[in-house]
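Q: Below you'll find structure-v9.pdb; it's PDB, C-alpha atoms.
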ATOM      1  CA  MET A   1     -63.709 -18.038  16.141
ATOM      2  CA  THR A   2     -65.700 -18.678  12.994
ATOM      3  CA  THR A   3     -64.276 -20.637  10.107
ATOM      4  CA  ALA A   4     -64.187 -17.551   7.883
ATOM      5  CA  THR A   5     -62.317 -15.547  10.514
ATOM      6  CA  ARG A   6     -59.897 -18.408  11.068
ATOM      7  CA  GLN A   7     -59.179 -18.610   7.342
ATOM      8  CA  GLU A   8     -58.654 -14.831   7.191
ATOM      9  CA  VAL A   9     -56.204 -14.908  10.118
ATOM     10  CA  LEU A  10     -54.282 -17.856   8.670
ATOM     11  CA  GLY A  11     -54.175 -16.088   5.305
ATOM     12  CA  LEU A  12     -52.703 -12.991   6.933
ATOM     13  CA  TYR A  13     -50.135 -15.121   8.756
ATOM     14  CA  ARG A  14     -49.103 -16.789   5.492
ATOM     15  CA  SER A  15     -48.954 -13.467   3.646
ATOM     16  CA  ILE A  16     -46.660 -12.026   6.336
ATOM     17  CA  PHE A  17     -44.286 -14.955   5.952
ATOM     18  CA  ARG A  18     -44.370 -14.584   2.148
ATOM     19  CA  LEU A  19     -43.682 -10.872   2.563
ATOM     20  CA  ALA A  20     -40.719 -11.602   4.859
ATOM     21  CA  ARG A  21     -39.313 -14.101   2.373
ATOM     22  CA  LYS A  22     -39.390 -11.532  -0.456
ATOM     23  CA  TRP A  23     -38.460  -8.469   1.662
ATOM     24  CA  GLN A  24     -35.637  -6.211   0.490
ATOM     25  CA  ALA A  25     -34.366  -3.381   2.694
ATOM     26  CA  ALA A  26     -34.665   0.116   1.251
ATOM     27  CA  SER A  27     -30.936   0.653   1.816
ATOM     28  CA  GLY A  28     -30.060  -2.364  -0.331
ATOM     29  CA  GLN A  29     -27.622  -3.672   2.294
ATOM     30  CA  THR A  30     -27.696  -7.420   2.904
ATOM     31  CA  GLU A  31     -27.319  -6.983   6.667
ATOM     32  CA  ASP A  32     -30.259  -4.576   6.791
ATOM     33  CA  THR A  33     -32.386  -6.953   4.748
ATOM     34  CA  ILE A  34     -31.632  -9.863   7.083
ATOM     35  CA  THR A  35     -32.324  -7.719  10.171
ATOM     36  CA  GLU A  36     -35.627  -6.467   8.775
ATOM     37  CA  LYS A  37     -36.715  -9.968   7.713
ATOM     38  CA  GLN A  38     -36.003 -11.237  11.224
ATOM     39  CA  TYR A  39     -37.950  -8.338  12.712
ATOM     40  CA  ILE A  40     -40.970  -9.111  10.502
ATOM     41  CA  LEU A  41     -40.924 -12.805  11.437
ATOM     42  CA  ASN A  42     -40.392 -12.198  15.169
ATOM     43  CA  GLU A  43     -43.071  -9.506  15.322
ATOM     44  CA  ALA A  44     -45.584 -11.729  13.522
ATOM     45  CA  ARG A  45     -44.869 -14.743  15.722
ATOM     46  CA  THR A  46     -45.048 -12.673  18.917
ATOM     47  CA  LEU A  47     -48.320 -10.941  18.078
ATOM     48  CA  PHE A  48     -50.049 -14.025  16.685
ATOM     49  CA  GLN A  49     -49.007 -16.105  19.712
ATOM     50  CA  LYS A  50     -50.169 -13.352  22.073
ATOM     51  CA  ASN A  51     -53.568 -13.116  20.394
ATOM     52  CA  LYS A  52     -54.214 -16.790  19.615
ATOM     53  CA  ASN A  53     -56.665 -17.220  22.502
ATOM     54  CA  LEU A  54     -58.867 -14.226  21.671
ATOM     55  CA  THR A  55     -62.553 -15.096  21.421
ATOM     56  CA  ASP A  56     -64.217 -11.668  21.233
ATOM     57  CA  PRO A  57     -65.126 -11.017  17.568
ATOM     58  CA  ASP A  58     -64.575  -7.264  17.948
ATOM     59  CA  LEU A  59     -61.036  -7.732  19.306
ATOM     60  CA  ILE A  60     -60.264 -10.256  16.575
ATOM     61  CA  LYS A  61     -61.505  -7.792  13.939
ATOM     62  CA  GLN A  62     -59.372  -5.040  15.490
ATOM     63  CA  CYS A  63     -56.275  -7.279  15.347
ATOM     64  CA  ILE A  64     -57.013  -8.185  11.713
ATOM     65  CA  ASP A  65     -57.369  -4.499  10.834
ATOM     66  CA  GLU A  66     -54.098  -3.702  12.606
ATOM     67  CA  CYS A  67     -52.292  -6.489  10.783
ATOM     68  CA  THR A  68     -53.620  -5.376   7.410
ATOM     69  CA  ALA A  69     -52.682  -1.751   8.097
ATOM     70  CA  ARG A  70     -49.153  -2.667   9.167
ATOM     71  CA  ILE A  71     -48.643  -4.789   6.032
ATOM     72  CA  GLU A  72     -49.848  -1.987   3.757
ATOM     73  CA  ILE A  73     -47.803   0.686   5.540
ATOM     74  CA  GLY A  74     -44.699  -1.502   5.440
ATOM     75  CA  LEU A  75     -45.098  -2.096   1.724
ATOM     76  CA  HIS A  76     -45.800   1.556   0.993
ATOM     77  CA  TYR A  77     -42.946   3.079   3.009
ATOM     78  CA  ARG A  78     -40.575   0.106   2.565
ATOM     79  CA  ILE A  79     -39.937  -0.120   6.310
ATOM     80  CA  PRO A  80     -41.148  -3.011   8.466
ATOM     81  CA  TYR A  81     -41.234  -1.003  11.686
ATOM     82  CA  PRO A  82     -44.420   0.777  12.797
ATOM     83  CA  ARG A  83     -44.414   4.480  11.981
ATOM     84  CA  PRO A  84     -44.378   6.460  15.232
ATOM     85  CA  ILE A  85     -46.787   9.259  15.957
ATOM     86  CA  HIS A  86     -45.375  12.524  17.173
ATOM     87  CA  LEU A  87     -47.649  14.315  19.596
ATOM     88  CA  PRO A  88     -46.278  16.705  22.184
ATOM     89  CA  PRO A  89     -47.189  15.669  25.765
ATOM     90  CA  MET A  90     -49.893  18.298  26.133
ATOM     91  CA  GLY A  91     -50.440  18.876  22.415
ATOM     92  CA  LEU A  92     -54.082  17.906  22.228
ATOM     93  CA  THR A  93     -56.684  20.514  22.996
ATOM     94  CA  PRO A  94     -57.970  20.130  26.554
ATOM     95  CA  LEU A  95     -61.686  20.309  27.206
ATOM     96  CA  ARG A  96     -62.157  23.306  29.524
ATOM     97  CA  GLY A  97     -58.918  22.775  31.432
ATOM     98  CA  ARG A  98     -59.460  19.153  32.443
ATOM     99  CA  GLY A  99     -55.760  18.444  32.778
ATOM    100  CA  LEU A 100     -53.688  15.317  32.342
ATOM    101  CA  ARG A 101     -56.402  12.640  32.463
ATOM    102  CA  SER A 102     -58.243  14.088  29.506
ATOM    103  CA  GLN A 103     -54.933  14.418  27.638
ATOM    104  CA  GLU A 104     -54.126  10.744  28.252
ATOM    105  CA  LYS A 105     -57.578   9.721  27.089
ATOM    106  CA  LEU A 106     -57.305  11.862  23.949
ATOM    107  CA  ARG A 107     -53.858  10.428  23.201
ATOM    108  CA  LYS A 108     -55.181   6.883  23.581
ATOM    109  CA  LEU A 109     -58.107   7.613  21.276
ATOM    110  CA  SER A 110     -55.875   9.289  18.700
ATOM    111  CA  LYS A 111     -53.446   6.362  18.453
ATOM    112  CA  PRO A 112     -53.518   4.861  14.938
ATOM    113  CA  VAL A 113     -54.766   1.317  14.488
ATOM    114  CA  TYR A 114     -51.343   0.046  13.428
ATOM    115  CA  LEU A 115     -49.793   1.016  16.784
ATOM    116  CA  LYS A 116     -52.343  -0.578  19.147
ATOM    117  CA  SER A 117     -50.250  -3.642  19.994
ATOM    118  CA  HIS A 118     -46.797  -2.104  19.516
ATOM    119  CA  ASP A 119     -46.665  -0.539  22.977
ATOM    120  CA  GLU A 120     -47.837  -3.766  24.614
ATOM    121  CA  ILE A 121     -44.929  -5.884  23.361
ATOM    122  CA  SER A 122     -42.075  -3.378  23.286
TER     123      SER A 122
END
Have the structure of the file written as structure tokens, please.
A:
Amino acid sequence: MTTATRQEVLGLYRSIFRLARKWQAASGQTEDTITEKQYILNEARTLFQKNKNLTDPDLIKQCIDECTARIEIGLHYRIPYPRPIHLPPMGLTPLRGRGLRSQEKLRKLSKPVYLKSHDEIS
């Protein structure tokens, strides 16, 4: 990992912890705020620990992009949880009747960047 990449990752980690410290739940309830703060901290720790040994620059860049997207989406919608995608099981257009494998591939390709690691840890 280059020094610039390391500094960017550490900056993201710090910004997530600052965000968690200042987080207020949209409902205004103290219990919800505490629960959401804990979720933010646990999610950050889990994902950063899982990815700390990555050496491939492309994978590191993908993780940085995912982290940035999740921060921005959380701030915009005021929810810390990843926004789910709603696709019916066979809702993507098949290519000349190629069945389930092509559907699975299309679903994997259509998954937003902010949900790449969510399925791996949940």
Q: Apply the PyMOL selection byres ((chain A and resi 53-69) around 10) to the file shown and report the selected residues as a list in words.
A: Met1, Thr2, Thr5, Arg6, Glu8, Val9, Leu12, Tyr13, Ile16, Ala44, Leu47, Phe48, Gln49, Lys50, Asn51, Lys52, Arg70, Ile71, Glu72, Ile73, Gly74, Leu75, Pro82, Pro112, Val113, Tyr114, Leu115, Lys116 and Ser117 of chain A
Q: Work out how far apart CA of Ser27 in chain A and CA of Arg78 in chain A are and give it in Å to one decimal.
A: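 Interatomic distance, CA of Ser27 in chain A to CA of Arg78 in chain A: 9.7 Å.
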Q: Considering all atoms listed in the file, state which residue in the set A:Thr3, A:Arg14, A:Ala20, A:Tyr77 is at the smallest distance from Thr35 in chain A.
A: A:Ala20
Q: I need the output of the PyMOL selection byres ((chain A and resi 38) around 12) for this file as a ChimeraX atom specification; which residues are they?
A: /A:16-17,19-21,23-25,31-37,39-46,80-81
Q: Can you put N, CA, C and O atoms back into range 26-47 of chain A and show it as a PDB file, in the coordinates of the input?
A:
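Once everything was written out, this is rebuild-v9.pdb:
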ATOM      1  N   ALA A  26     -34.732  -1.068   2.104  1.00  0.00           N
ATOM      2  CA  ALA A  26     -34.665   0.116   1.251  1.00  0.00           C
ATOM      3  C   ALA A  26     -33.217   0.550   1.012  1.00  0.00           C
ATOM      4  O   ALA A  26     -32.897   1.117  -0.026  1.00  0.00           O
ATOM      5  N   SER A  27     -32.341   0.264   1.963  1.00  0.00           N
ATOM      6  CA  SER A  27     -30.936   0.653   1.816  1.00  0.00           C
ATOM      7  C   SER A  27     -30.192  -0.244   0.832  1.00  0.00           C
ATOM      8  O   SER A  27     -29.141   0.125   0.332  1.00  0.00           O
ATOM      9  N   GLY A  28     -30.714  -1.437   0.582  1.00  0.00           N
ATOM     10  CA  GLY A  28     -30.060  -2.364  -0.331  1.00  0.00           C
ATOM     11  C   GLY A  28     -28.959  -3.189   0.320  1.00  0.00           C
ATOM     12  O   GLY A  28     -28.385  -4.064  -0.326  1.00  0.00           O
ATOM     13  N   GLN A  29     -28.660  -2.940   1.581  1.00  0.00           N
ATOM     14  CA  GLN A  29     -27.622  -3.672   2.294  1.00  0.00           C
ATOM     15  C   GLN A  29     -28.138  -5.052   2.708  1.00  0.00           C
ATOM     16  O   GLN A  29     -29.260  -5.180   3.191  1.00  0.00           O
ATOM     17  N   THR A  30     -27.313  -6.062   2.549  1.00  0.00           N
ATOM     18  CA  THR A  30     -27.696  -7.420   2.904  1.00  0.00           C
ATOM     19  C   THR A  30     -27.961  -7.547   4.396  1.00  0.00           C
ATOM     20  O   THR A  30     -28.926  -8.203   4.800  1.00  0.00           O
ATOM     21  N   GLU A  31     -27.135  -6.910   5.216  1.00  0.00           N
ATOM     22  CA  GLU A  31     -27.319  -6.983   6.667  1.00  0.00           C
ATOM     23  C   GLU A  31     -28.649  -6.361   7.089  1.00  0.00           C
ATOM     24  O   GLU A  31     -29.347  -6.892   7.955  1.00  0.00           O
ATOM     25  N   ASP A  32     -28.987  -5.225   6.477  1.00  0.00           N
ATOM     26  CA  ASP A  32     -30.259  -4.576   6.791  1.00  0.00           C
ATOM     27  C   ASP A  32     -31.436  -5.445   6.379  1.00  0.00           C
ATOM     28  O   ASP A  32     -32.436  -5.535   7.099  1.00  0.00           O
ATOM     29  N   THR A  33     -31.320  -6.075   5.228  1.00  0.00           N
ATOM     30  CA  THR A  33     -32.386  -6.953   4.748  1.00  0.00           C
ATOM     31  C   THR A  33     -32.601  -8.108   5.705  1.00  0.00           C
ATOM     32  O   THR A  33     -33.744  -8.421   6.074  1.00  0.00           O
ATOM     33  N   ILE A  34     -31.531  -8.732   6.153  1.00  0.00           N
ATOM     34  CA  ILE A  34     -31.632  -9.863   7.083  1.00  0.00           C
ATOM     35  C   ILE A  34     -32.245  -9.400   8.402  1.00  0.00           C
ATOM     36  O   ILE A  34     -33.127 -10.072   8.958  1.00  0.00           O
ATOM     37  N   THR A  35     -31.789  -8.252   8.912  1.00  0.00           N
ATOM     38  CA  THR A  35     -32.324  -7.719  10.171  1.00  0.00           C
ATOM     39  C   THR A  35     -33.813  -7.426  10.055  1.00  0.00           C
ATOM     40  O   THR A  35     -34.592  -7.775  10.945  1.00  0.00           O
ATOM     41  N   GLU A  36     -34.223  -6.805   8.964  1.00  0.00           N
ATOM     42  CA  GLU A  36     -35.627  -6.467   8.775  1.00  0.00           C
ATOM     43  C   GLU A  36     -36.490  -7.710   8.568  1.00  0.00           C
ATOM     44  O   GLU A  36     -37.618  -7.769   9.065  1.00  0.00           O
ATOM     45  N   LYS A  37     -35.978  -8.708   7.868  1.00  0.00           N
ATOM     46  CA  LYS A  37     -36.715  -9.968   7.713  1.00  0.00           C
ATOM     47  C   LYS A  37     -36.936 -10.633   9.063  1.00  0.00           C
ATOM     48  O   LYS A  37     -38.030 -11.108   9.370  1.00  0.00           O
ATOM     49  N   GLN A  38     -35.886 -10.662   9.889  1.00  0.00           N
ATOM     50  CA  GLN A  38     -36.003 -11.237  11.224  1.00  0.00           C
ATOM     51  C   GLN A  38     -37.007 -10.476  12.072  1.00  0.00           C
ATOM     52  O   GLN A  38     -37.781 -11.063  12.816  1.00  0.00           O
ATOM     53  N   TYR A  39     -36.997  -9.150  11.959  1.00  0.00           N
ATOM     54  CA  TYR A  39     -37.950  -8.338  12.712  1.00  0.00           C
ATOM     55  C   TYR A  39     -39.384  -8.685  12.297  1.00  0.00           C
ATOM     56  O   TYR A  39     -40.255  -8.853  13.149  1.00  0.00           O
ATOM     57  N   ILE A  40     -39.625  -8.785  11.002  1.00  0.00           N
ATOM     58  CA  ILE A  40     -40.970  -9.111  10.502  1.00  0.00           C
ATOM     59  C   ILE A  40     -41.424 -10.458  11.050  1.00  0.00           C
ATOM     60  O   ILE A  40     -42.541 -10.596  11.560  1.00  0.00           O
ATOM     61  N   LEU A  41     -40.568 -11.456  10.965  1.00  0.00           N
ATOM     62  CA  LEU A  41     -40.924 -12.805  11.437  1.00  0.00           C
ATOM     63  C   LEU A  41     -41.148 -12.832  12.945  1.00  0.00           C
ATOM     64  O   LEU A  41     -42.138 -13.416  13.425  1.00  0.00           O
ATOM     65  N   ASN A  42     -40.251 -12.208  13.704  1.00  0.00           N
ATOM     66  CA  ASN A  42     -40.392 -12.198  15.169  1.00  0.00           C
ATOM     67  C   ASN A  42     -41.635 -11.437  15.611  1.00  0.00           C
ATOM     68  O   ASN A  42     -42.341 -11.870  16.525  1.00  0.00           O
ATOM     69  N   GLU A  43     -41.900 -10.310  14.976  1.00  0.00           N
ATOM     70  CA  GLU A  43     -43.071  -9.506  15.322  1.00  0.00           C
ATOM     71  C   GLU A  43     -44.357 -10.291  15.031  1.00  0.00           C
ATOM     72  O   GLU A  43     -45.285 -10.311  15.841  1.00  0.00           O
ATOM     73  N   ALA A  44     -44.393 -10.947  13.877  1.00  0.00           N
ATOM     74  CA  ALA A  44     -45.584 -11.729  13.522  1.00  0.00           C
ATOM     75  C   ALA A  44     -45.792 -12.877  14.508  1.00  0.00           C
ATOM     76  O   ALA A  44     -46.903 -13.075  15.012  1.00  0.00           O
ATOM     77  N   ARG A  45     -44.741 -13.618  14.787  1.00  0.00           N
ATOM     78  CA  ARG A  45     -44.869 -14.743  15.722  1.00  0.00           C
ATOM     79  C   ARG A  45     -45.327 -14.263  17.097  1.00  0.00           C
ATOM     80  O   ARG A  45     -46.219 -14.857  17.710  1.00  0.00           O
ATOM     81  N   THR A  46     -44.716 -13.196  17.585  1.00  0.00           N
ATOM     82  CA  THR A  46     -45.048 -12.673  18.917  1.00  0.00           C
ATOM     83  C   THR A  46     -46.510 -12.252  19.000  1.00  0.00           C
ATOM     84  O   THR A  46     -47.228 -12.639  19.923  1.00  0.00           O
ATOM     85  N   LEU A  47     -46.953 -11.455  18.028  1.00  0.00           N
ATOM     86  CA  LEU A  47     -48.320 -10.941  18.078  1.00  0.00           C
ATOM     87  C   LEU A  47     -49.359 -12.034  17.847  1.00  0.00           C
ATOM     88  O   LEU A  47     -50.399 -12.054  18.500  1.00  0.00           O
TER      89      LEU A  47
END
